[in-house]
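Scroll down for the structure; my scribbles are underneath it.
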Amino acid sequence: MKIYVSHSSKIDYMKDLYEPLRASALAKQHEFLFPHERGLDLFPTRGLFLKRGCDLVFAEVSFPSHGQGIELGWAYNAGIRIIFGSKPEAKLSITLPLLSKEFFNYTDNVDLVSKLSNYFK
């Protein structure tokens, strides 16, 4: 399964998302698409979603982001499954439940990988 990782630029996504996901057992079973792995250059996200070039979007939504909101709208309109994860103290957008009911809170990187793994059992 191809999993696109969506996030705000307000987090340390390399350390807090990319590294733990890449090092997890999930990465041996699935292909993760990290849009800013090589910097902040624009990733062709809309085209990826229109072509159904991924099977799932994992969205870290602890920080509000207009760009991420647009991206999640594209995924939703393309019929791509979305799973949300956030820190427990995050103030979440009220529109998220309109896009997906699959949501979890996590406390650290280990908890993130563990809870995301539950969606693949």
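Each chain in the structure tokens gets a letter, A, B, ..., in the order shown, and its residues are numbered from 1; ligands are numbered from 1 in order too.
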With only C-alpha atoms as the counted atoms, please give the residues lying no more than 10 Å from Phe103 in chain A, apart from itself and same-chain residues fewer than 3 positions off, as a PyMOL selection string. chain A and resi 58-61+82-86+96-97+100+115-116+119
Name the residues of chain A that come out as helix (DSSP H, G or I) in a backbone DSSP run; write them as a ChimeraX atom specification. /A:13-23,26-29,45-50,66-77,96-99,109-120
Determine, counting only C-alpha atoms, which protein, DNA and RNA residues have an atom within 8 Å of an atom of range 13-28 of chain A; residues of the same chain fewer than 2 positions away are not included. Present the result as a PyMOL selection string. chain A and resi 7+9+11+30-32+34+37+109-110+113+117
Write the residues you've just listed into a file as a CSV table (one decimal), in the first residue's frame, and include all heavy atoms for each of them.
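Final file, result-v2.csv:
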```csv
chain,number,residue,atom,x,y,z
A,7,HIS,N,1.2,16.8,6.5
A,7,HIS,CA,1.6,17.5,7.8
A,7,HIS,C,1.7,19.0,7.5
A,7,HIS,O,1.9,19.5,6.4
A,7,HIS,CB,2.9,16.9,8.3
A,7,HIS,CG,4.0,17.0,7.3
A,7,HIS,ND1,4.7,18.1,7.1
A,7,HIS,CD2,4.5,16.1,6.5
A,7,HIS,CE1,5.6,17.9,6.2
A,7,HIS,NE2,5.5,16.6,5.8
A,9,SER,N,3.9,22.5,8.1
A,9,SER,CA,5.3,22.8,8.1
A,9,SER,C,5.7,23.3,9.4
A,9,SER,O,6.9,23.6,9.7
A,9,SER,CB,5.6,23.8,7.0
A,9,SER,OG,4.9,25.0,7.2
A,11,ILE,N,5.8,21.7,12.2
A,11,ILE,CA,6.4,20.6,13.0
A,11,ILE,C,7.7,20.2,12.5
A,11,ILE,O,8.0,20.5,11.3
A,11,ILE,CB,5.4,19.4,13.2
A,11,ILE,CG1,5.2,18.7,11.8
A,11,ILE,CG2,4.1,19.8,13.8
A,11,ILE,CD1,4.6,17.3,11.9
A,30,HIS,N,4.7,-1.4,3.7
A,30,HIS,CA,4.1,-0.4,2.9
A,30,HIS,C,5.1,0.7,2.4
A,30,HIS,O,6.2,0.8,2.9
A,30,HIS,CB,3.0,0.4,3.7
A,30,HIS,CG,2.0,-0.6,4.4
A,30,HIS,ND1,1.0,-1.2,3.7
A,30,HIS,CD2,1.9,-1.0,5.6
A,30,HIS,CE1,0.3,-2.0,4.5
A,30,HIS,NE2,0.9,-1.9,5.7
A,31,GLU,N,4.7,1.4,1.4
A,31,GLU,CA,5.6,2.5,0.8
A,31,GLU,C,5.0,3.8,1.3
A,31,GLU,O,3.9,4.2,1.0
A,31,GLU,CB,5.5,2.4,-0.7
A,31,GLU,CG,6.4,3.5,-1.3
A,31,GLU,CD,6.3,3.5,-2.9
A,31,GLU,OE1,5.7,2.6,-3.4
A,31,GLU,OE2,6.8,4.5,-3.5
A,32,PHE,N,5.9,4.6,2.0
A,32,PHE,CA,5.5,5.9,2.5
A,32,PHE,C,6.0,6.9,1.5
A,32,PHE,O,7.1,6.8,1.0
A,32,PHE,CB,6.1,6.2,3.8
A,32,PHE,CG,5.4,5.5,5.0
A,32,PHE,CD1,5.9,4.3,5.5
A,32,PHE,CD2,4.3,6.0,5.5
A,32,PHE,CE1,5.2,3.6,6.5
A,32,PHE,CE2,3.6,5.4,6.6
A,32,PHE,CZ,4.1,4.2,7.1
A,34,PHE,N,6.9,10.7,1.4
A,34,PHE,CA,7.2,11.9,2.3
A,34,PHE,C,7.4,13.1,1.4
A,34,PHE,O,8.4,13.2,0.7
A,34,PHE,CB,8.4,11.6,3.1
A,34,PHE,CG,8.3,10.4,4.0
A,34,PHE,CD1,9.1,9.3,3.7
A,34,PHE,CD2,7.5,10.4,5.1
A,34,PHE,CE1,9.1,8.1,4.5
A,34,PHE,CE2,7.4,9.3,5.9
A,34,PHE,CZ,8.2,8.1,5.6
A,37,GLU,N,10.7,15.4,1.8
A,37,GLU,CA,11.9,14.6,2.1
A,37,GLU,C,13.2,15.3,1.6
A,37,GLU,O,14.2,15.3,2.2
A,37,GLU,CB,11.8,13.2,1.6
A,37,GLU,CG,12.8,12.3,2.0
A,37,GLU,CD,12.4,10.8,1.7
A,37,GLU,OE1,11.9,10.6,0.6
A,37,GLU,OE2,12.7,10.0,2.5
A,109,ASN,N,6.7,9.4,19.4
A,109,ASN,CA,6.9,8.8,18.1
A,109,ASN,C,6.6,7.3,18.2
A,109,ASN,O,6.1,6.7,17.2
A,109,ASN,CB,8.4,8.9,17.6
A,109,ASN,CG,8.7,10.4,17.4
A,109,ASN,OD1,7.8,11.2,17.3
A,109,ASN,ND2,10.0,10.7,17.2
A,110,VAL,N,6.9,6.6,19.3
A,110,VAL,CA,6.6,5.2,19.4
A,110,VAL,C,5.1,5.0,19.4
A,110,VAL,O,4.6,4.1,18.8
A,110,VAL,CB,7.3,4.7,20.7
A,110,VAL,CG1,6.9,3.2,21.0
A,110,VAL,CG2,8.8,4.8,20.6
A,113,VAL,N,3.6,5.4,15.9
A,113,VAL,CA,3.7,4.2,15.0
A,113,VAL,C,2.8,3.1,15.5
A,113,VAL,O,2.2,2.4,14.7
A,113,VAL,CB,5.2,3.7,15.0
A,113,VAL,CG1,5.4,2.4,14.3
A,113,VAL,CG2,6.1,4.8,14.3
A,117,SER,N,-0.2,1.6,13.3
A,117,SER,CA,-0.2,0.2,12.9
A,117,SER,C,-1.5,-0.5,13.2
A,117,SER,O,-1.9,-1.4,12.4
A,117,SER,CB,0.9,-0.5,13.7
A,117,SER,OG,2.2,0.0,13.4
```
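Comparing A:Ile3, A:Leu48, A:Leu92, A:Val57 by their smallest distance to Leu33 in chain A, the closest is A:Ile3 (using only C-alpha atoms).
Distance annotation: of A:Tyr106, A:Pro64, A:Arg38, A:Gly69, the residue with the minimal separation from Lys87 in chain A is A:Tyr106; atom set is only C-alpha atoms.
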Give me the residues near Glu71 in chain A as a ChimeraX atom specification, where near means some atom within 12 Å (using only C-alpha atoms) and where sequence neighbours in that chain fewer than 6 positions away do not count. /A:4-8,35,43-50,57-59,65,77-78,80,82,99
Extract the full set of strand (DSSP E) residues from chain A according to DSSP on the backbone, and format it as a list in words. Lys2, Ile3, Tyr4, Val5, Ser6, Glu31, Phe32, Leu33, Leu56, Val57, Phe58, Ala59, Glu60, Arg81, Ile82, Ile83, Phe84, Gly85, Ser86, Phe103, Phe104 and Asn105 of chain A
